[in-house]
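Peer 1: Can you read through this structure? Questions will come right after.
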Amino acid sequence: MFTQLFFWGFFLLVLFFYSFIYKVNKLRSVYLLLVSLFFYFKTSGVFVLLLLFTICSDYLWGKLIYKSKKEWLRKILLSFSILLNLSLLCYFKYSYFFVESLNQITGSHFSYTNHFAQFSNTFFGSAFRVDKLLLPVGVSFFTFQSLSYTIDMYRRKVEPVKTIFDYGFFVCFFPHLVAGPIVKAHDFLYQIYQPYRLQRSEFGLAVFWILNGFCKKIVADYLAVNYIDRIFDNPALFSGLETIIGIFAYSIQIYMDFSGYTDMAIGLALILGYRLKTNFLSPYKATSVSEFWKRWHISLSSWLQEYLYIPLGGNRRGSWGSYICLGIIAAFLVLLSGKYWLVFVLAFSAIILLMLAYFWGAFRKSLNTNINLMVTMLLGGLWHGSSWLFVIWGGLNGLGLVVHKLWEKVSPFQNTKNLLIKGVLMLITLSFISFTRIFFRSDNLGTVWMIFDRIQHYMGSDLFLQILTGYKKVFLILLLAYLIHWVPELWKSKYRQWFSGLHPVWMGLISLLAVFIAYQFMSGEMQAFIYFQF
């Protein structure tokens with residue numbers, strides 16, 4: 001983890017040897033590839049073989065696609081690449097879920113065997129359980145990243161990399177390997193062949209991003225350990241007011257945790273001479289759900305838009321691909337429920353929708369132009385895991401996008417400059433996003449209903465004062481976190497520039513002071529980054 005002292009020892013050692021070869025592009029790629037494979041091996045052990053297979057496979061598919069002149073053959077080759085990648089992703093993320101659901105639906109007793117864990121135990125002497133799913137860290141991230149290469153190759157947006165070492169480096173560059181940002185081929189590959197460059201101000205900015213991300217992560221863990229985890233682990237023990245504060249606290253926690261990782265990834269990559277794109281843009285300043293998703297986890301949102309939403313038809317119309325994806329999602333829902341009757345419910349719902357679309361032109365037009373939004377968000381939910389909670393979370397956000405799209409046509413506040421109205425819209429958006437995250441954070445639907453039940457309980461002024469007194473330090477940090485988040489971007493840009501222009505001695509002293517203060521808020525052992533599980 002980027003917050004552990006061991007990692008910084010590793011990074012300094014990497015930099016020491018890097019200083020001898022960074023001017024030679026070929027050596028630089030090979031060296032960083034080996035370093036990144038070692039990093040992933042220390043993170044995930046035998047799963048480094050999966051990473052190597054993905055690299056070799058898509059490197060070869062890319063070459064075949066590029067060399068093929070016939071369009072039909074290029075489509076077939078691309079399809080094989082996509083199917084292979086998605087099959088591996090589904091195996092490692094959903095195989096246990098499929099076996100469990102099949103047993104529940106059919107009454108069978110198939111036992112689940114994790115063949116990869118079995119292979120590791122046999123040949124590497126590990127002690128993994130073979131009856132449970134073991135998820136490789138970052139598998140969703142590096143699979144999507146590798147897919148972007150073959151798709152961009154098919155679209156002729158990129159040229160093939162010169163060597164497999166260059167491609168391996170692109171896929172598993174260690175700063176962004178396990179939790180993003182997801183790097184698209186056409187945004188990164190050209191950098192491999194550029195000479196190393198790092199301006200004095202860029203070095204200062206890299207240090208700022210690393211420091212910023214480190215402090216975010218420490219504060220996120222402090223809020224989680226001292227308040228948020230207690231609320232979600234035992235919601236029945238807390239009042240409605242405490243629960244509501246916990247929901248908004250989780251929104252700031254997941255933002256600081258995830259954006260903290262990507263801030264550090266961007267800073268680390270910049271020191272090594274590579275530019276990664278911004279992954280978060282103060283998302284809680286958004287005045288609509290649509291704007292929120294343009295500011296949150298930008299690398300995933302833009303990946304889904306470029307490689308899923310637009311190919312399905314975008315906001316113009318639904319396509320056969322849209323309805324095939326809906327069928328896949330429906331099959332997932334049946335498996336998730338483990339109930340036969342859901343097939344008939346979904347089939348009946350589909351018939352009703354088709355009849356409405358046939359006899360009601362306005363509904364048909366709305367369904368046709370909004371179906372891809374729902375499909376994209378539902379698949380985005382399933383990307384996070386095989387759970388009803390993720391599907392509901394994705395569906396609610398998709399519904400929010402559709403409602404906002406319709407509201408835009410009649411809204412009197414479109415492009416308003418009134419700060420009060422913008423503030424109200426911002427709070428409405430934050431509230432909607434925060435309450436959808438009840439499904440994202442909870443362990444099961446029982447916890448979700450318990451949280452909604454607690455929200456309805458009495459919240460008197462005397463209770464408010466008791467809660468405020470009992471958690472005064474937590475609430476003060478929470479308030480400060482939101483206030484810093486809402487600082488105007490112009491101000492943030494100015495203090496980033498100020499820091500990046502400091503003399504290295506002052507920069508070092510401020511960094512040491514910030515790290516020392518941050519460590520005072522550390523509660524026990526550091527927690528893993530939330531998005532490691534995806």
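Residues in the structure tokens are named by chain (A, B, ... in the order shown) and by number from 1 within that chain; ligands are numbered from 1 in the order shown.
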Determine, counting only C-alpha atoms, which protein, DNA and RNA residues have an atom within 12 Å of an atom of range 406-408 of chain A; residues of the same chain fewer than 6 positions away are not included. Present the result as a tab-separated table (two decimals) with N, CA, C and O atoms, in the first residue's frame.
Peer 2:
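Once everything was written out, this is around21.tsv:
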```tsv
chain	number	residue	atom	x	y	z
A	287	THR	N	-23.91	19.90	-9.59
A	287	THR	CA	-25.28	20.37	-9.36
A	287	THR	C	-26.31	19.44	-10.01
A	287	THR	O	-27.49	19.77	-10.06
A	288	SER	N	-25.86	18.31	-10.53
A	288	SER	CA	-26.76	17.31	-11.11
A	288	SER	C	-26.06	15.96	-11.11
A	288	SER	O	-24.83	15.88	-10.97
A	289	VAL	N	-26.85	14.90	-11.26
A	289	VAL	CA	-26.29	13.55	-11.31
A	289	VAL	C	-25.39	13.40	-12.55
A	289	VAL	O	-24.33	12.78	-12.49
A	290	SER	N	-25.81	14.00	-13.66
A	290	SER	CA	-25.01	13.92	-14.88
A	290	SER	C	-23.65	14.56	-14.68
A	290	SER	O	-22.62	14.00	-15.09
A	366	SER	N	-38.71	7.83	-25.75
A	366	SER	CA	-37.98	7.99	-24.48
A	366	SER	C	-37.22	6.72	-24.12
A	366	SER	O	-36.06	6.77	-23.69
A	367	LEU	N	-37.88	5.56	-24.32
A	367	LEU	CA	-37.24	4.27	-24.04
A	367	LEU	C	-36.02	4.09	-24.93
A	367	LEU	O	-34.95	3.66	-24.47
A	369	THR	N	-34.11	6.31	-26.40
A	369	THR	CA	-32.98	7.23	-26.18
A	369	THR	C	-32.36	7.10	-24.79
A	369	THR	O	-31.24	7.57	-24.58
A	370	ASN	N	-33.08	6.47	-23.86
A	370	ASN	CA	-32.56	6.38	-22.48
A	370	ASN	C	-32.11	4.98	-22.09
A	370	ASN	O	-31.50	4.80	-21.04
A	399	LEU	N	-31.29	5.67	-13.14
A	399	LEU	CA	-32.58	6.35	-13.06
A	399	LEU	C	-32.39	7.84	-12.81
A	399	LEU	O	-33.07	8.69	-13.39
A	400	GLY	N	-31.41	8.18	-11.94
A	400	GLY	CA	-31.10	9.57	-11.67
A	400	GLY	C	-30.65	10.31	-12.93
A	400	GLY	O	-31.03	11.46	-13.16
A	414	GLN	N	-31.49	26.00	-15.70
A	414	GLN	CA	-30.43	25.58	-16.62
A	414	GLN	C	-29.39	26.70	-16.77
A	414	GLN	O	-29.73	27.84	-17.08
A	415	ASN	N	-28.12	26.36	-16.52
A	415	ASN	CA	-26.99	27.30	-16.64
A	415	ASN	C	-27.14	28.53	-15.73
A	415	ASN	O	-26.69	29.63	-16.07
```
Peer 1: Show which residues sit within 12 Å of Phe529 in chain A, as a ChimeraX atom specification. Count only C-alpha atoms, and ignore same-chain residues fewer than 5 positions away.
Peer 2: /A:1-4,137-138,178-180,213-214,216-218,220-221,224,253-262,534
Peer 1: Under the rule that only C-alpha atoms are counted, which of A:Phe11, A:Phe475, A:Phe6, A:Phe173 is the nearest residue to Leu51 in chain A?
Peer 2: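 For Leu51 in chain A, the nearest of the given residues is A:Phe173.
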Peer 1: What is the CA of Leu335 in chain A to CA of Ser386 in chain A distance in Å?
Peer 2: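 Here the two named atoms are 9.6 Å from each other.
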Peer 1: Would you mind listing what lies within 9 Å of Leu147 in chain A as an NGL selection string, with only C-alpha atoms counted and same-chain residues fewer than 6 positions away left out?
Peer 2: :A and (58 or 81-82 or 85 or 184-185)
Peer 1: Based on DSSP run over this structure's backbone, return all residues of range 260-338 of chain A in helix (DSSP H, G or I), as JSON, numbers by chain.
Peer 2: {"A": [260, 261, 262, 263, 264, 265, 266, 267, 268, 269, 270, 271, 283, 284, 285, 289, 290, 291, 292, 293, 294, 295, 298, 299, 300, 301, 302, 303, 304, 305, 306, 307, 308, 309, 310, 311, 312, 320, 321, 322, 323, 324, 325, 326, 327, 328, 329, 330, 331, 332, 333, 334, 335, 336, 337]}
Peer 1: Hey, which of A:Val139, A:Tyr94, A:Leu27, A:Arg454 ends up closest to Val48 in chain A? Count only C-alpha atoms.
Peer 2: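 Answer, going by the shortest atom-to-atom distance: A:Val139.
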Peer 1: For a test of reading the model, state the distance in Å between CA of Leu333 in chain A and CA of Leu346 in chain A, rounded to one decimal.
Peer 2: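 One can read the CA of Leu333 in chain A to CA of Leu346 in chain A distance as 9.3 Å.
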Peer 1: What does the distance from CA of Ile252 in chain A to CA of His485 in chain A come to in Å, to one decimal?
Peer 2: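 These atoms are spaced 9.1 Å apart.
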Peer 1: With only C-alpha atoms as the atoms that count, which of A:Gly327, A:Gly423, A:Gly446, A:Pro195 lies nearest to Pro235 in chain A?
Peer 2: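 Looking at the shortest contact to Pro235 in chain A, the residue is A:Gly446.
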Peer 1: Calculated over only C-alpha atoms, which of the candidates A:Leu60, A:Leu89, A:Leu420, A:Leu198 has the smallest distance to Pro160 in chain A?
Peer 2: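 Result for the nearest residue to Pro160 in chain A: A:Leu60.
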Peer 1: Residues within 10 Å of Val46 in chain A, please, as a tab-separated table (two decimals) with N, CA, C and O atoms, in the first residue's frame. Count only C-alpha atoms; anything in the same chain fewer than 6 positions from it doesn't count.
Peer 2:
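So result_38.tsv came out as:
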```
chain	number	residue	atom	x	y	z
A	40	TYR	N	3.34	-6.38	-8.40
A	40	TYR	CA	2.08	-7.12	-8.41
A	40	TYR	C	2.25	-8.49	-7.75
A	40	TYR	O	1.33	-8.98	-7.09
A	116	PHE	N	-7.51	-22.10	-9.90
A	116	PHE	CA	-6.30	-21.28	-9.84
A	116	PHE	C	-5.64	-21.41	-8.48
A	116	PHE	O	-4.42	-21.53	-8.37
A	117	ALA	N	-6.45	-21.42	-7.42
A	117	ALA	CA	-5.92	-21.60	-6.07
A	117	ALA	C	-5.32	-22.99	-5.91
A	117	ALA	O	-4.27	-23.16	-5.28
A	119	PHE	N	-4.01	-24.80	-8.33
A	119	PHE	CA	-2.75	-24.78	-9.07
A	119	PHE	C	-1.65	-24.13	-8.22
A	119	PHE	O	-0.52	-24.63	-8.13
A	120	SER	N	-1.98	-23.02	-7.57
A	120	SER	CA	-1.01	-22.31	-6.73
A	120	SER	C	-0.56	-23.16	-5.57
A	120	SER	O	0.63	-23.22	-5.24
A	121	ASN	N	-1.50	-23.85	-4.93
A	121	ASN	CA	-1.16	-24.71	-3.79
A	121	ASN	C	-0.25	-25.85	-4.21
A	121	ASN	O	0.66	-26.24	-3.48
A	123	PHE	N	1.85	-26.05	-7.03
A	123	PHE	CA	3.15	-25.71	-7.60
A	123	PHE	C	3.92	-24.63	-6.83
A	123	PHE	O	5.13	-24.50	-7.02
A	124	PHE	N	3.24	-23.87	-5.99
A	124	PHE	CA	3.92	-22.79	-5.28
A	124	PHE	C	3.86	-22.92	-3.76
A	124	PHE	O	4.34	-22.05	-3.04
A	126	SER	N	1.44	-22.59	-1.71
A	126	SER	CA	0.56	-21.67	-0.99
A	126	SER	C	-0.51	-22.46	-0.25
A	126	SER	O	-0.61	-23.69	-0.40
A	136	PRO	N	-8.29	-11.66	-7.75
A	136	PRO	CA	-7.00	-10.99	-7.97
A	136	PRO	C	-7.16	-9.48	-7.80
A	136	PRO	O	-8.11	-8.89	-8.33
```
Peer 1: My list of candidates is A:Ser319, A:Asn103, A:Thr163, A:Asn397. Which is closest to Lys63 in chain A when distances are computed with only C-alpha atoms?
Peer 2: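 Checking each of A:Ser319, A:Asn103, A:Thr163, A:Asn397 against Lys63 in chain A, counting only C-alpha atoms, the winner is A:Thr163.
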Peer 1: With only C-alpha atoms as the counted atoms, please give the residues lying no more than 12 Å from Ala514 in chain A, apart from itself and same-chain residues fewer than 2 positions off, as a list of chain:residue names.
Peer 2: A:Val207, A:Phe208, A:Ile210, A:Leu211, A:Asn212, A:Gly213, A:Phe214, A:Cys215, A:Lys216, A:Ile218, A:Met507, A:Gly508, A:Leu509, A:Ile510, A:Ser511, A:Leu512, A:Phe516, A:Ile517, A:Ala518, A:Tyr519, A:Gln520, A:Phe521
Peer 1: Go through A:Phe141, A:Phe232, A:Tyr112, A:Phe7 and flag the residue nearest Arg129 in chain A, using only C-alpha atoms for the distances.
Peer 2: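 Of all the options, A:Tyr112 lies closest to Arg129 in chain A.
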